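Student: There's a structure below that I have some questions on.
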Amino acid sequence: MNKVGIDIGATSTRIAVLNDKNKLLKGEKFTTDVNDFAHQMDEISKIINQMETQFGPIKRIGICAPGPLDLKEGRILNAPNLPGWRNLNIVDQFQQMFAGSKEIHLDNDANVAALGQFLTYPTAPHSLYYVTVSSGIGSGFIYQGEIFHGYNYTATEIFNSLPSLTEDKNPSQTGIEYFASGNNIPKVLKERGIDVKDATQAFQLRTTNKGIEDYFVEYKKRMAAFLATAIYFYNPQYLVIGGSVALKNQDFFKEIINYTYQITSHLEHKTTIEFAKDLEEQTLKGAANL
């Protein structure tokens, strides 16, 4: 029986239909209407109905959406980049749209990407920890083929982990995302008296500007400490790094990976650290397999 994966992003929405062997049969991509959910649902419904006509019955739909989410209720809470979707029970909306004829599943983008990366291995790993370093920083943990959600479905929401606790800053806004994400790199540099347009420019100037170079020395240490801590807590077979900031700056992140290996060299098991593979396609496969 066929299944559909939907990846809702702030810029674009992607939909793919897969068969029961996880082969991608067809994909569609269109601009996300961040202000009008009803219009977006009309577009999604049209595409899924066309896919069903072309490829046959679709049993399940998996939705990947940016957080924060209430996964127990199936609700998008206050995603900053989707102002017209806030406090929206998206699972109920899909069930109504298809009159209860399909299984509807929802999870956040990092968890879904983690599941998608898990599916890239020909033999299912024991466990996989996924980290995305992009405009924000998120993660997901797959243990024996299942997404680990924790007690209240907020496990691996790591944006404020490893906080830098100083008296002059709000302790809830000093963690790894506030220091190392694509959106926050220029903000941190501005606090240090350095103006850059964006994270891309910061990386370009990394070896030519002393202040930026010093920041990235600290960045490497903090990111390696974060990855090492994840290894200590989860003991994963694989640790996979994705996201635009990491994938566009792989030479620098290879330095971080090597530093992480140094930190954890005393461990009996050496976690294999890799970059994400076929991230967009695999995330859609992850969504379809929720």
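Identifiers in the structure tokens: chain A, B, ... in order shown; residue index from 1 per chain; ligand index from 1 in order shown.
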Sort by chain and increasing residue number a table of all residues of range 221-260 of chain A within 10 Å of range 123-128 of chain A, each with its closest pair of atoms and their distance in Å to one decimal, counting only C-alpha atoms, and write it as CSV.

Tutor:
```
residue,atom,partner,partner_atom,distance
A:Tyr234,CA,A:Ser127,CA,8.6
A:Asn235,CA,A:Ser127,CA,8.2
A:Pro236,CA,A:Ser127,CA,5.1
A:Gln237,CA,A:Ser127,CA,5.3
A:Tyr238,CA,A:Leu128,CA,4.7
A:Leu239,CA,A:Leu128,CA,5.7
A:Val240,CA,A:Leu128,CA,7.3
```

Student: Please dump the current selection as a CSV table (one decimal), in the first residue's frame; keep N, CA and C atoms.

Tutor:
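Full text of out-v4.csv as output:
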```csv
chain,number,residue,atom,x,y,z
A,234,TYR,N,23.8,9.1,24.9
A,234,TYR,CA,23.0,8.2,24.1
A,234,TYR,C,23.8,7.0,23.7
A,235,ASN,N,25.1,7.1,23.6
A,235,ASN,CA,25.9,5.9,23.2
A,235,ASN,C,25.4,5.4,21.8
A,236,PRO,N,25.3,6.3,20.8
A,236,PRO,CA,24.7,5.8,19.6
A,236,PRO,C,25.7,5.1,18.7
A,237,GLN,N,25.2,4.2,17.9
A,237,GLN,CA,26.1,3.5,16.9
A,237,GLN,C,26.5,4.6,15.8
A,238,TYR,N,25.6,5.4,15.4
A,238,TYR,CA,26.0,6.5,14.5
A,238,TYR,C,25.5,7.8,15.0
A,239,LEU,N,26.3,8.9,14.7
A,239,LEU,CA,25.9,10.3,14.9
A,239,LEU,C,26.0,10.9,13.5
A,240,VAL,N,24.9,11.5,13.1
A,240,VAL,CA,24.8,12.1,11.7
A,240,VAL,C,24.5,13.6,11.8
```

Student: Considering only C-alpha atoms, tabulate each residue of range 47-141 of chain A that lies at most 9 Å from range 16-29 of chain A along with its nearest interatomic pair and the corresponding distance in Å to one decimal; arrange the rows by chain and ascending residue number and present them as a tab-separated table.

Tutor:
```
residue	atom	partner	partner_atom	distance
A:Ile47	CA	A:Glu28	CA	7.8
A:Ile48	CA	A:Val17	CA	8.2
A:Met51	CA	A:Val17	CA	7.0
A:Glu52	CA	A:Val17	CA	8.7
A:Phe55	CA	A:Leu25	CA	8.1
A:Ile58	CA	A:Val17	CA	8.3
```

Student: Those same residues - N, CA and C atoms - I'd like them written as a short mmCIF file (atom, residue, chain, number, x, y, z; two decimals), in the first residue's frame.

Tutor:
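As a result, part_19.cif now contains:
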```
data_model
loop_
_atom_site.label_atom_id
_atom_site.label_comp_id
_atom_site.auth_asym_id
_atom_site.auth_seq_id
_atom_site.Cartn_x
_atom_site.Cartn_y
_atom_site.Cartn_z
N ILE A 47 -2.92 17.66 -4.61
CA ILE A 47 -1.75 16.87 -5.01
C ILE A 47 -1.89 15.41 -4.56
N ILE A 48 -2.34 15.19 -3.33
CA ILE A 48 -2.47 13.83 -2.83
C ILE A 48 -3.54 13.07 -3.62
N MET A 51 -2.01 12.00 -6.82
CA MET A 51 -1.10 10.88 -6.61
C MET A 51 -1.88 9.58 -6.43
N GLU A 52 -2.97 9.66 -5.72
CA GLU A 52 -3.78 8.47 -5.49
C GLU A 52 -4.40 7.97 -6.79
N PHE A 55 -1.26 6.42 -8.76
CA PHE A 55 -0.49 5.30 -8.22
C PHE A 55 -1.31 4.33 -7.37
N ILE A 58 -3.68 5.29 -1.06
CA ILE A 58 -2.69 5.74 -0.09
C ILE A 58 -3.23 5.47 1.30
#
```

Student: Would you pick out the contacts of Ala10 in chain A at 9 Å or less, using only C-alpha atoms, so that residues sharing its chain but fewer than 3 positions from it are not included, and give the list as an MDAnalysis selection string?

Tutor: chainID A and resid 13 31:34 66 81:82

Student: Extract, using only C-alpha atoms, all DNA, RNA and protein residues at most 10 Å from Ala199 in chain A, discarding same-chain residues fewer than 5 positions from it, and format them as a ChimeraX atom specification.

Tutor: /A:134-135,180-187,189,204-205,245

Student: Between CA of Asn78 in chain A and CA of Pro171 in chain A, what is the distance, to one decimal in Å?

Tutor: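 A separation of 21.5 Å between them.
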
Student: Output as a PyMOL selection string all residues of range 246-275 of chain A that backbone DSSP marks as strand (DSSP E).

Tutor: chain A and resi 272-275

Student: Those same residues - N, CA, C and O atoms - I'd like them written as a short mmCIF file (atom, residue, chain, number, x, y, z; two decimals), in the first residue's frame.

Tutor:
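What follows is the written file selection-v1.cif:
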```
data_model
loop_
_atom_site.label_atom_id
_atom_site.label_comp_id
_atom_site.auth_asym_id
_atom_site.auth_seq_id
_atom_site.Cartn_x
_atom_site.Cartn_y
_atom_site.Cartn_z
N THR A 272 30.45 6.23 15.10
CA THR A 272 30.75 6.68 13.74
C THR A 272 30.01 7.99 13.49
O THR A 272 28.78 8.05 13.60
N ILE A 273 30.76 9.04 13.17
CA ILE A 273 30.16 10.36 12.91
C ILE A 273 30.24 10.63 11.42
O ILE A 273 31.32 10.57 10.81
N GLU A 274 29.10 10.92 10.81
CA GLU A 274 29.00 11.10 9.37
C GLU A 274 28.13 12.32 9.05
O GLU A 274 27.37 12.80 9.89
N PHE A 275 28.24 12.79 7.81
CA PHE A 275 27.33 13.81 7.32
C PHE A 275 26.07 13.16 6.75
O PHE A 275 26.12 12.01 6.29
#
```
